[in-house]
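Chemist: Data: protein.txt, compact mmCIF, C-alpha atoms.
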```txt
# COMPACT_ATOMS: atom_id res chain seq x y z
CA MET L 578 5.75 28.78 91.02
CA PRO L 579 7.52 25.85 89.33
CA THR L 580 9.73 26.61 86.39
CA PRO L 581 8.39 25.02 83.22
CA HIS L 582 10.58 22.22 81.93
CA THR L 583 12.31 22.98 78.61
CA PRO L 584 12.47 19.81 76.52
CA GLN L 585 15.93 18.91 75.30
CA PRO L 586 16.30 18.12 71.60
CA SER L 587 16.25 14.41 70.97
CA PRO L 588 19.12 12.82 69.06
CA SER L 589 16.83 12.46 66.06
CA SER L 590 15.64 16.07 66.08
CA PRO L 591 16.68 18.47 63.29
CA SER L 592 19.09 20.27 65.64
CA SER L 593 21.13 17.09 66.09
CA PRO L 594 20.77 14.98 62.95
CA VAL L 595 21.77 11.34 63.11
CA PRO L 596 24.78 10.77 60.83
CA PRO L 597 24.10 8.37 57.97
CA ARG L 598 25.18 4.77 58.34
CA ILE L 599 27.44 2.83 56.03
CA PRO L 600 25.08 1.20 53.49
CA PRO L 601 24.65 -2.61 53.55
CA ALA L 602 26.02 -2.74 49.98
CA VAL L 603 29.41 -1.52 51.25
CA TRP L 604 29.48 -4.30 53.87
CA ALA L 605 28.64 -6.78 51.13
CA LEU L 606 31.37 -5.44 48.84
CA GLY L 607 33.84 -5.65 51.73
CA LEU L 608 32.84 -9.26 52.36
CA VAL L 609 33.25 -10.01 48.64
CA SER L 610 36.76 -8.51 48.70
CA MET L 611 37.66 -10.51 51.82
CA LEU L 612 36.46 -13.83 50.40
CA MET L 613 38.22 -13.32 47.07
CA ASP L 614 41.42 -12.27 48.83
CA ILE L 615 41.31 -15.40 50.99
CA SER L 616 40.90 -17.50 47.84
CA SER L 617 43.63 -15.67 45.90
CA GLU L 618 46.17 -15.52 48.74
CA MET L 619 45.77 -19.22 49.53
CA ILE L 620 47.11 -19.82 46.02
CA HIS L 621 49.48 -16.89 45.55
CA SER L 622 51.31 -17.50 48.84
CA LEU L 623 52.19 -21.01 47.61
CA LEU L 624 52.37 -20.47 43.84
CA PRO L 625 56.10 -19.52 43.53
CA MET L 626 57.12 -22.62 45.51
CA PHE L 627 54.69 -24.77 43.48
CA MET L 628 56.02 -23.46 40.16
CA VAL L 629 59.68 -23.92 41.11
CA GLY L 630 59.45 -27.06 43.26
CA ALA L 631 56.58 -29.08 41.77
CA LEU L 632 56.67 -27.93 38.13
CA GLY L 633 60.42 -27.29 37.80
CA MET L 634 60.23 -23.71 36.49
CA SER L 635 63.12 -21.29 36.88
CA VAL L 636 62.91 -18.24 39.13
CA LEU L 637 63.32 -16.08 36.01
CA VAL L 638 60.16 -17.59 34.50
CA VAL L 639 58.29 -17.05 37.78
CA GLY L 640 59.33 -13.39 37.81
CA PHE L 641 58.29 -12.95 34.17
CA ILE L 642 54.86 -14.48 34.79
CA GLU L 643 54.25 -12.32 37.87
CA GLY L 644 55.36 -9.12 36.15
CA LEU L 645 53.24 -9.83 33.09
CA ALA L 646 50.22 -10.61 35.26
CA GLU L 647 50.43 -7.40 37.29
CA ALA L 648 51.00 -5.25 34.18
CA THR L 649 47.91 -6.82 32.59
CA ALA L 650 45.79 -5.95 35.64
CA LEU L 651 46.94 -2.32 35.59
CA ILE L 652 46.09 -1.81 31.91
CA VAL L 653 42.68 -3.50 32.16
CA LYS L 654 41.67 -1.29 35.12
CA VAL L 655 41.61 1.82 32.93
CA PHE L 656 39.44 0.22 30.26
CA SER L 657 36.99 -1.36 32.71
CA GLY L 658 36.55 1.89 34.62
CA THR L 659 35.87 3.80 31.43
CA LEU L 660 33.43 1.14 30.22
CA SER L 661 31.50 1.28 33.51
CA ASP L 662 31.12 5.06 33.04
CA TYR L 663 29.93 4.61 29.46
CA LEU L 664 27.37 1.95 30.42
CA GLY L 665 26.33 3.81 33.56
CA ARG L 666 26.44 0.46 35.40
CA ARG L 667 29.14 -0.93 37.71
CA LYS L 668 27.90 -4.20 39.20
CA GLY L 669 27.92 -6.26 36.00
CA LEU L 670 31.58 -5.52 35.30
CA ALA L 671 32.54 -6.13 38.92
CA LEU L 672 30.67 -9.44 38.84
CA LEU L 673 32.46 -10.44 35.64
CA GLY L 674 35.83 -9.62 37.19
CA TYR L 675 35.18 -11.61 40.36
CA ALA L 676 33.76 -14.53 38.34
CA LEU L 677 36.92 -14.68 36.20
CA GLY L 678 38.99 -14.72 39.38
CA ALA L 679 36.91 -17.51 40.92
CA PHE L 680 36.78 -19.73 37.85
CA THR L 681 40.56 -19.67 37.33
CA LYS L 682 41.23 -21.26 40.73
CA PRO L 683 40.63 -24.87 39.58
CA LEU L 684 43.14 -24.34 36.75
CA PHE L 685 45.96 -23.97 39.26
CA ALA L 686 44.95 -27.26 40.89
CA VAL L 687 45.02 -29.26 37.63
CA ALA L 688 48.03 -27.54 35.98
CA GLN L 689 50.82 -29.87 34.84
CA GLY L 690 53.07 -27.26 33.23
CA ALA L 691 53.81 -23.60 32.67
CA GLY L 692 51.20 -23.07 29.92
CA LEU L 693 48.11 -23.53 32.08
CA ILE L 694 49.68 -21.61 34.99
CA VAL L 695 50.40 -18.64 32.71
CA ALA L 696 46.88 -18.73 31.29
CA ALA L 697 45.27 -18.98 34.74
CA ARG L 698 47.44 -16.22 36.21
CA LEU L 699 46.73 -13.84 33.32
CA ILE L 700 42.97 -14.52 33.36
CA ASP L 701 42.95 -14.04 37.14
CA ARG L 702 44.72 -10.68 36.82
CA VAL L 703 42.41 -9.64 33.97
CA GLY L 704 39.55 -10.35 36.37
CA LYS L 705 41.21 -8.23 39.03
CA GLY L 706 41.70 -5.42 36.55
CA ILE L 707 38.08 -5.60 35.38
CA ARG L 708 36.59 -5.43 38.87
CA GLY L 709 38.87 -2.90 40.58
CA ALA L 710 37.74 0.48 39.24
CA PRO L 711 33.99 -0.35 38.92
CA ARG L 712 33.95 -1.72 42.48
CA ASP L 713 35.56 1.41 43.94
CA ALA L 714 33.22 3.60 41.90
CA LEU L 715 30.26 1.54 43.15
CA VAL L 716 31.33 2.09 46.78
CA ALA L 717 31.39 5.85 46.10
CA ASP L 718 28.03 5.70 44.28
CA VAL L 719 26.13 4.00 47.11
CA THR L 720 27.71 5.88 50.05
CA PRO L 721 26.64 9.29 51.41
CA PRO L 722 29.57 11.75 51.29
CA GLU L 723 29.46 12.19 55.09
CA VAL L 724 30.62 8.58 55.69
CA ARG L 725 32.60 7.98 52.50
CA GLY L 726 35.92 7.76 54.31
CA ALA L 727 34.53 5.21 56.77
CA ALA L 728 33.05 3.19 53.89
CA PHE L 729 36.35 2.98 51.99
CA GLY L 730 38.18 2.23 55.24
CA LEU L 731 35.77 -0.60 56.01
CA ARG L 732 36.10 -2.15 52.55
CA GLN L 733 39.87 -1.88 52.72
CA SER L 734 39.92 -3.39 56.22
CA LEU L 735 37.85 -6.42 55.20
CA ASP L 736 39.96 -6.83 52.04
CA THR L 737 43.12 -6.85 54.14
CA VAL L 738 41.68 -9.43 56.54
CA GLY L 739 41.59 -11.75 53.55
CA ALA L 740 45.23 -10.90 52.80
CA PHE L 741 46.40 -12.47 56.08
CA VAL L 742 43.73 -15.13 56.60
CA GLY L 743 44.49 -16.66 53.18
CA PRO L 744 48.20 -17.36 53.78
CA LEU L 745 47.54 -18.57 57.34
CA LEU L 746 44.89 -20.98 56.08
CA ALA L 747 47.18 -22.18 53.30
CA ALA L 748 50.04 -22.76 55.75
CA GLY L 749 47.78 -24.68 58.14
CA LEU L 750 46.40 -26.90 55.37
CA MET L 751 49.90 -27.57 54.00
CA LEU L 752 50.95 -28.80 57.45
CA LEU L 753 47.76 -30.86 57.82
CA TRP L 754 48.03 -32.45 54.36
CA ALA L 755 51.82 -32.94 54.24
CA GLY L 756 52.54 -30.32 51.59
CA ASP L 757 49.81 -31.24 49.10
CA PHE L 758 49.69 -28.06 46.96
CA ARG L 759 46.84 -29.23 44.75
CA ALA L 760 44.53 -30.06 47.66
CA VAL L 761 45.00 -26.55 49.04
CA PHE L 762 44.31 -25.04 45.61
CA TRP L 763 41.01 -26.97 45.44
CA VAL L 764 39.96 -25.61 48.84
CA ALA L 765 40.69 -22.08 47.55
CA VAL L 766 37.91 -22.51 44.98
CA VAL L 767 35.25 -22.35 47.74
CA PRO L 768 35.75 -18.77 49.04
CA GLY L 769 36.13 -17.56 45.43
CA LEU L 770 32.71 -18.93 44.48
CA LEU L 771 31.21 -17.53 47.70
CA ALA L 772 32.53 -14.08 46.75
CA VAL L 773 30.72 -14.22 43.42
CA ALA L 774 27.49 -15.36 45.11
CA VAL L 775 27.58 -12.57 47.71
CA LEU L 776 28.11 -9.93 45.02
CA ALA L 777 25.35 -11.32 42.81
CA LEU L 778 22.78 -11.58 45.62
CA GLY L 779 23.86 -8.99 48.20
CA VAL L 780 24.57 -5.80 46.22
CA ARG L 781 21.96 -3.65 44.49
CA GLU L 782 23.21 -0.92 42.18
CA PRO L 783 21.65 2.56 42.40
CA GLN L 784 19.05 3.22 39.73
CA GLN L 785 20.31 5.19 36.75
CA ARG L 786 18.69 8.62 36.43
CA GLU L 787 16.06 8.86 33.73
CA GLY L 788 17.14 10.72 30.63
CA THR L 789 20.83 9.96 31.23
CA ARG L 790 22.58 9.87 27.88
CA ARG L 791 25.62 7.72 27.22
CA THR L 792 28.75 9.65 26.33
CA ASN L 793 32.32 8.62 25.73
CA PRO L 794 34.11 9.20 29.09
CA ILE L 795 37.44 9.84 27.36
CA ARG L 796 36.18 12.57 25.04
CA ARG L 797 38.09 15.81 25.42
CA GLU L 798 35.27 17.67 27.18
CA ASN L 799 34.85 14.84 29.69
CA ILE L 800 38.57 14.63 30.42
CA ARG L 801 38.46 18.39 31.13
CA ARG L 802 35.78 17.70 33.74
CA LEU L 803 38.40 15.72 35.65
CA GLY L 804 39.72 19.01 36.92
CA PRO L 805 42.87 20.08 38.78
CA ALA L 806 41.62 18.73 42.12
CA TYR L 807 41.43 15.20 40.69
CA TRP L 808 44.82 15.34 38.96
CA TRP L 809 46.33 16.62 42.20
CA VAL L 810 45.03 13.48 43.96
CA VAL L 811 46.48 11.28 41.18
CA ALA L 812 49.85 13.01 41.58
CA VAL L 813 49.74 12.68 45.38
CA GLY L 814 48.85 8.97 45.10
CA ALA L 815 51.74 8.34 42.71
CA VAL L 816 54.20 10.27 44.88
CA PHE L 817 53.08 8.37 47.99
CA THR L 818 53.67 5.11 46.13
CA LEU L 819 57.16 6.24 45.08
CA ALA L 820 57.93 6.77 48.76
CA ARG L 821 56.50 3.33 49.64
CA PHE L 822 58.00 0.58 47.51
CA SER L 823 56.79 -3.04 47.35
CA GLU L 824 56.16 -4.87 50.63
CA ALA L 825 58.41 -7.64 49.28
CA PHE L 826 61.31 -5.62 50.71
CA LEU L 827 59.84 -5.98 54.20
CA VAL L 828 60.07 -9.75 53.81
CA LEU L 829 63.63 -9.52 52.47
CA ARG L 830 64.65 -7.30 55.38
CA ALA L 831 63.20 -9.76 57.88
CA GLN L 832 65.15 -12.58 56.26
CA GLN L 833 68.34 -10.51 56.07
CA ILE L 834 68.17 -9.58 59.77
CA GLY L 835 68.10 -13.27 60.72
CA ILE L 836 64.46 -14.25 61.21
CA ALA L 837 64.05 -17.98 60.56
CA MET L 838 62.94 -18.83 57.03
CA ALA L 839 59.83 -20.65 58.26
CA LEU L 840 58.72 -17.56 60.20
CA VAL L 841 59.42 -14.94 57.51
CA PRO L 842 55.89 -15.19 55.98
CA LEU L 843 54.49 -14.14 59.37
CA VAL L 844 56.03 -10.71 58.77
CA MET L 845 53.43 -9.99 56.08
CA VAL L 846 50.72 -11.48 58.26
CA ALA L 847 51.67 -9.03 61.02
CA MET L 848 51.69 -6.08 58.60
CA ASN L 849 48.28 -6.97 57.18
CA MET L 850 46.77 -7.52 60.62
CA VAL L 851 47.80 -4.01 61.68
CA TYR L 852 46.66 -2.62 58.31
CA ALA L 853 43.25 -4.26 58.68
CA ALA L 854 42.84 -2.98 62.24
CA ALA L 855 43.83 0.59 61.30
CA ALA L 856 41.96 1.09 58.01
CA TYR L 857 38.40 1.51 59.35
CA PRO L 858 39.20 3.81 62.34
CA PHE L 859 41.31 6.09 60.16
CA GLY L 860 38.63 6.00 57.48
CA LYS L 861 36.12 7.28 60.04
CA LEU L 862 38.63 9.89 61.16
CA SER L 863 39.04 11.13 57.57
CA ASP L 864 35.34 12.08 57.55
CA ARG L 865 36.02 14.47 60.44
CA MET L 866 39.40 16.05 59.71
CA GLY L 867 41.24 17.62 56.79
CA HIS L 868 42.49 15.13 54.22
CA ARG L 869 45.81 16.92 53.65
CA GLN L 870 46.47 16.86 57.40
CA LEU L 871 45.84 13.11 57.62
CA LEU L 872 48.00 12.50 54.53
CA ALA L 873 50.81 14.44 56.17
CA TRP L 874 50.57 12.36 59.34
CA GLY L 875 50.61 9.26 57.15
CA LEU L 876 53.95 10.36 55.68
CA VAL L 877 55.33 10.98 59.17
CA VAL L 878 54.36 7.42 60.14
CA LEU L 879 56.00 6.06 56.95
CA ILE L 880 59.23 7.91 57.81
CA VAL L 881 59.21 6.33 61.29
CA ALA L 882 58.71 2.88 59.73
CA ASP L 883 61.59 3.40 57.29
CA VAL L 884 63.92 4.58 60.06
CA LEU L 885 63.08 1.55 62.21
CA LEU L 886 63.70 -0.83 59.32
CA ALA L 887 66.92 0.93 58.28
CA THR L 888 68.43 0.82 61.79
CA ALA L 889 67.12 -2.60 62.88
CA GLN L 890 69.68 -4.98 64.37
CA HIS L 891 67.14 -7.30 66.02
CA TRP L 892 64.00 -9.04 64.82
CA SER L 893 61.84 -7.14 67.32
CA VAL L 894 62.75 -3.81 65.68
CA VAL L 895 61.90 -5.24 62.25
CA ILE L 896 58.49 -6.33 63.54
CA ALA L 897 57.94 -2.86 65.03
CA GLY L 898 58.85 -1.24 61.69
CA VAL L 899 56.53 -3.56 59.81
CA ALA L 900 53.68 -2.79 62.23
CA VAL L 901 54.19 0.96 61.82
CA TRP L 902 54.23 0.42 58.03
CA GLY L 903 50.82 -1.23 58.40
CA ILE L 904 49.52 1.81 60.30
CA HIS L 905 50.68 4.04 57.44
CA MET L 906 48.79 1.87 54.96
CA GLY L 907 45.65 2.05 57.08
CA MET L 908 45.92 5.83 57.30
CA THR L 909 46.40 6.53 53.60
CA GLN L 910 44.98 3.91 51.23
CA GLY L 911 41.28 4.33 51.98
CA LEU L 912 41.81 8.06 52.30
CA LEU L 913 43.21 8.35 48.77
CA ALA L 914 40.24 6.36 47.40
CA THR L 915 37.90 8.76 49.22
CA MET L 916 39.72 11.77 47.78
CA VAL L 917 39.32 10.41 44.24
CA ALA L 918 35.56 10.11 44.79
CA ASP L 919 35.31 13.60 46.30
CA ALA L 920 37.19 15.20 43.40
CA THR L 921 35.37 13.43 40.55
CA PRO L 922 31.97 13.84 38.83
CA PRO L 923 29.82 10.75 39.61
CA ASP L 924 29.52 9.74 35.95
CA LEU L 925 33.33 9.67 35.52
CA ARG L 926 34.30 7.84 38.70
CA GLY L 927 35.12 4.56 36.94
CA THR L 928 37.54 6.29 34.58
CA ALA L 929 38.99 8.28 37.47
CA TYR L 930 39.74 5.18 39.54
CA GLY L 931 41.21 3.37 36.54
CA VAL L 932 43.66 6.19 35.80
CA PHE L 933 44.49 6.58 39.50
CA HIS L 934 45.31 2.84 39.86
CA LEU L 935 47.39 2.90 36.68
CA ALA L 936 49.47 5.87 37.87
CA SER L 937 49.99 4.31 41.31
CA GLY L 938 50.92 0.94 39.78
CA LEU L 939 53.53 2.48 37.48
CA ALA L 940 54.93 4.43 40.43
CA MET L 941 55.14 1.20 42.44
CA LEU L 942 57.08 -0.45 39.61
CA ALA L 943 59.55 2.45 39.42
CA ALA L 944 59.95 2.63 43.21
CA SER L 945 60.58 -1.10 43.51
CA VAL L 946 63.21 -1.06 40.74
CA VAL L 947 65.08 1.78 42.48
CA ALA L 948 64.75 0.06 45.85
CA GLY L 949 66.15 -3.16 44.38
CA LEU L 950 69.12 -1.33 42.82
CA LEU L 951 69.93 0.35 46.13
CA TRP L 952 69.62 -2.98 47.95
CA ASP L 953 72.06 -4.71 45.59
CA THR L 954 74.58 -1.89 45.12
CA VAL L 955 74.64 -0.12 48.50
CA GLY L 956 72.88 -2.34 51.01
CA PRO L 957 69.50 -3.05 52.62
CA GLN L 958 69.73 -0.06 54.96
CA ALA L 959 70.14 2.31 52.00
CA THR L 960 66.80 1.19 50.57
CA PHE L 961 64.90 2.26 53.68
CA TRP L 962 66.94 5.45 54.25
CA ALA L 963 66.11 6.46 50.66
CA GLY L 964 62.43 5.73 51.33
CA ALA L 965 62.51 7.90 54.44
CA ALA L 966 64.25 10.73 52.56
CA PHE L 967 61.74 10.66 49.72
CA ALA L 968 58.83 10.56 52.17
CA LEU L 969 60.31 13.62 53.91
CA LEU L 970 60.51 15.46 50.58
CA CYS L 971 56.88 14.50 49.91
CA LEU L 972 55.91 15.84 53.33
CA LEU L 973 57.60 19.16 52.62
CA GLY L 974 55.94 19.35 49.21
CA LEU L 975 52.53 18.58 50.72
CA GLY L 976 53.00 21.44 53.14
CA LEU L 977 54.10 23.92 50.47
CA ARG L 978 51.62 23.12 47.69
CA ARG L 979 47.92 23.35 48.45
CA ALA L 980 45.35 21.16 46.77
CA PRO L 981 43.35 22.90 44.01
CA ALA L 982 39.75 23.74 44.85
CA GLY L 983 37.11 21.33 43.59
```
Show the structure stored in the file as C-alpha cells.

Modeler:
Amino acid sequence: MPTPHTPQPSPSSPSSPVPPRIPPAVWALGLVSMLMDISSEMIHSLLPMFMVGALGMSVLVVGFIEGLAEATALIVKVFSGTLSDYLGRRKGLALLGYALGAFTKPLFAVAQGAGLIVAARLIDRVGKGIRGAPRDALVADVTPPEVRGAAFGLRQSLDTVGAFVGPLLAAGLMLLWAGDFRAVFWVAVVPGLLAVAVLALGVREPQQREGTRRTNPIRRENIRRLGPAYWWVVAVGAVFTLARFSEAFLVLRAQQIGIAMALVPLVMVAMNMVYAAAAYPFGKLSDRMGHRQLLAWGLVVLIVADVLLATAQHWSVVIAGVAVWGIHMGMTQGLLATMVADATPPDLRGTAYGVFHLASGLAMLAASVVAGLLWDTVGPQATFWAGAAFALLCLLGLGLRRAPAG
C-alpha cells in the first residue's frame, strides 16, 4: 500500500515566515542621500583649492570656515531631531534640510569673495544639521525591526557611494574643462535638485496615530524615557569615535609615505568604495547576530587598520590599511544607528539621533585634536599607534561592561 505523501510547508506557510523586505521608502532615502552627497562632494573636494587659489583666502580662513560650518551642523541636529519629535512628522524637516543644501550650490558658483562662500557653507551645513536626525528617525519609523540593520546599512552604503562618485566626477570634469571650478559647481546643482525631488515624490511618511498628543521631548519625564540602554549606545558611539579620528589623517599619511600628490585623493575614494561595499552586508548581518559581538569585531578590524598605517613603509601597505579602515566603518556606522533605534521610544527617536550625533561629533573633534598633536610632536606613526591602543582599551571595556537591558 503506497505511503501517503506528507506535504512540505511552503516558504510562505506560517512555519517558515518570509522575512520582511526593506521598504521602498528606505531605498528612496538612500538614493536621496547618494544624490546629495554627489552634489556636495563635487564642491567640497574642490572648495579648499578654490578658496585659496581662485579667491586668495589664507589656509587659516579656510580652516575657520570649515570648523564653524561643522560645529553649526552638530548643534542644529539636536534641535531638528527634537522638533521632529514634537511635531510627530519627519519628512517636512528632512525636505527642508535637503532643499537648503541644494539651493546653496549655485552660491558657490557665483561667489566672488569670502562673504558669499561663508554664507553658502553655513547654510549648507544648517541644512545638513536639519535633515540628519529626522532622516535617521524616518528610516527607523518605516522599517520593520527584523530588517532594521539591513535598512541602515543600505542607506549608509548608498550615501557612501555618493562620497566617492562626487570627487571622481569633479576630478574628471576639471580635467575636461581645464580647471574651471565654477563650471563644475554649476553641474553640482543638478544632483542636489534631483535629491529634493526624489524625497518629495518618493517617500511617504507613516500616518500619525490618532489621539497622539504633542509633548515637549526634552521635558524631564521624556528624557527619563531615554533609559540606560540608550545612553550606553551614546557612550559607545562616542568612545568608538575617540578611537577613530578624522579620515583627513589617512590622506596625510598617504602623502607622508610618498604617494604622488595627484593620486592622494584616490586614497579617500578607495576607503569610501570599501565602506560602501561593506555597509549593506554587515547591516544584514547585524539583524542576525549580537550587536555587542559585531561591535567588538569592528574594533578588532580598526586595530588592524591602525597597525598597518603605523608600520607602513610602502604605498601598498597604506592602501591596505585604508581599505581595512573602510571595512571597520561598514561594520559599525549603520550598526550604531540601528542600536539607537532599538533602544529608543518611537516618539523620541529624533531627539535620540540628534544627541547621539552631537556626542559623536564632539568626540571626533577631541580625537582629531589629540591625533594632530601627536602627529606634530611625536610623529605620524604615533598617531596610529595611539588609535590602536585606545581601540584596544575600548575592546576590553566592551567585553567587561554589558549593555543595560532595554

Chemist: Can you tell me how far atom CA of Glu723 of chain L sits from atom CA of Pro783 of chain L, in Å to one decimal?

Modeler: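 Atom-to-atom, atom CA of Glu723 of chain L to atom CA of Pro783 of chain L, that is 17.7 Å.
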
Chemist: Which residues come within 8 Å of Ala646 of chain L, counting all atoms listed in the file, excluding same-chain residues fewer than 6 positions away, as a compact mmCIF listing (two decimals) with C-alpha atoms, in the frame of the given file?

Modeler:
```
# COMPACT_ATOMS: atom_id res chain seq x y z
CA ARG L 698 47.44 -16.22 36.21
CA LEU L 699 46.73 -13.84 33.32
CA ARG L 702 44.72 -10.68 36.82
CA VAL L 703 42.41 -9.64 33.97
```

Chemist: Considering only C-alpha atoms, tabulate each residue of segment 707-765 of chain L that lies at most 10 Å from segment 925-941 of chain L along with its nearest interatomic pair and the corresponding distance in Å to one decimal; arrange the rows by chain and ascending residue number and present them as JSON lines.

Modeler:
```
{"residue": "L:Ile707", "atom": "CA", "partner": "L:Gly931", "partner_atom": "CA", "distance": 9.6}
{"residue": "L:Gly709", "atom": "CA", "partner": "L:Gly931", "partner_atom": "CA", "distance": 7.8}
{"residue": "L:Ala710", "atom": "CA", "partner": "L:Tyr930", "partner_atom": "CA", "distance": 5.1}
{"residue": "L:Pro711", "atom": "CA", "partner": "L:Gly927", "partner_atom": "CA", "distance": 5.4}
{"residue": "L:Arg712", "atom": "CA", "partner": "L:Gly927", "partner_atom": "CA", "distance": 8.5}
{"residue": "L:Asp713", "atom": "CA", "partner": "L:Tyr930", "partner_atom": "CA", "distance": 7.1}
{"residue": "L:Ala714", "atom": "CA", "partner": "L:Gly927", "partner_atom": "CA", "distance": 5.4}
{"residue": "L:Leu715", "atom": "CA", "partner": "L:Gly927", "partner_atom": "CA", "distance": 8.4}
{"residue": "L:Ala717", "atom": "CA", "partner": "L:Arg926", "partner_atom": "CA", "distance": 8.2}
{"residue": "L:Asp718", "atom": "CA", "partner": "L:Arg926", "partner_atom": "CA", "distance": 8.7}
```

Chemist: Determine the nearest neighbour of Ser617 of chain L from the options L:Asp883, L:Asp864, L:Asp662, L:Asp736, counting only C-alpha atoms.

Modeler: L:Asp736

Chemist: Neighbours of segment 765-773 of chain L within 9 Å (all atoms listed in the file; same-chain residues fewer than 5 positions away dropped), as a PyMOL selection string?

Modeler: chain L and resi 606+608-620+672-673+675-676+678-683+743+747+760+778

Chemist: Taking the point (55.7, 9.0, 59.0) as given in the file, collect each protein or nucleic acid residue that comes within 9 Å of it, counting all atoms listed in the file, and present the set as a list in words.

Modeler: Ala873, Trp874, Gly875, Leu876, Val877, Val878, Leu879, Ile880, Val881, Ala882, Asp883, Val901, Trp902, His905, Ala965, Ala968, Leu969 and Leu972 of chain L

Chemist: Taking (25.9, -4.2, 47.5) in the file's own coordinates, collect the residues within 7 Å, counting all atoms listed in the file, and hand them back as a list in words.

Modeler: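 Residues with an atom at most 7 Å from (25.9, -4.2, 47.5): Pro601, Ala602, Val603, Ala605, Leu606, Leu776, Gly779, Val780, Arg781 and Glu782 of chain L.
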
Chemist: Quick one: pull the distance between atom CA of Ala847 of chain L and atom CA of Leu623 of chain L, Å, one decimal.

Modeler: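 So the answer is 18.0 Å.
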
Chemist: Nearest to Ser657 of chain L among L:Val811, L:Ala697, L:Leu746, L:Arg708, with distances taken over only C-alpha atoms: which residue is it?

Modeler: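 Nearest to Ser657 of chain L: L:Arg708.
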
Chemist: May I ask for the distance between atom CA of Phe822 of chain L and atom CA of Val653 of chain L, given in Å to one decimal place?

Modeler: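 Interatomic distance, atom CA of Phe822 of chain L to atom CA of Val653 of chain L: 22.1 Å.
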
Chemist: Contacts of segment 852-861 of chain L at 8 Å or less, counting only C-alpha atoms, minus same-chain residues fewer than 3 places along, as a ChimeraX atom specification?

Modeler: /L:724,726-731,733-738,848-849,864-865,903-908,910-912

Chemist: Counting only C-alpha atoms, figure out which residue out of L:Ala755, L:Val895, L:Leu885, L:Leu913 gets nearest to Ser863 of chain L.

Modeler: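 Once distances to Ser863 of chain L are computed over only C-alpha atoms, the minimum belongs to L:Leu913.
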
Chemist: Could you check the closest approach to Ala696 of chain L for each of L:Leu819, L:Val716, L:Leu684, L:Leu745 and tell me which residue wins, using all atoms listed in the file?

Modeler: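 When distances to Ala696 of chain L are compared using all atoms listed in the file, the smallest one comes from L:Leu684.
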
Chemist: Which residue out of L:Gly814, L:Gly674, L:Gly704, L:Gly835 has the minimum interatomic distance to Ser893 of chain L when all atoms listed in the file are used?

Modeler: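 Among L:Gly814, L:Gly674, L:Gly704, L:Gly835, it is L:Gly835 that comes nearest to Ser893 of chain L.
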
Chemist: Kindly indicate which residue among L:Val775, L:Leu970, L:Ala740, L:Met916 lies nearest to Arg869 of chain L, using all atoms listed in the file for the distances.

Modeler: L:Met916
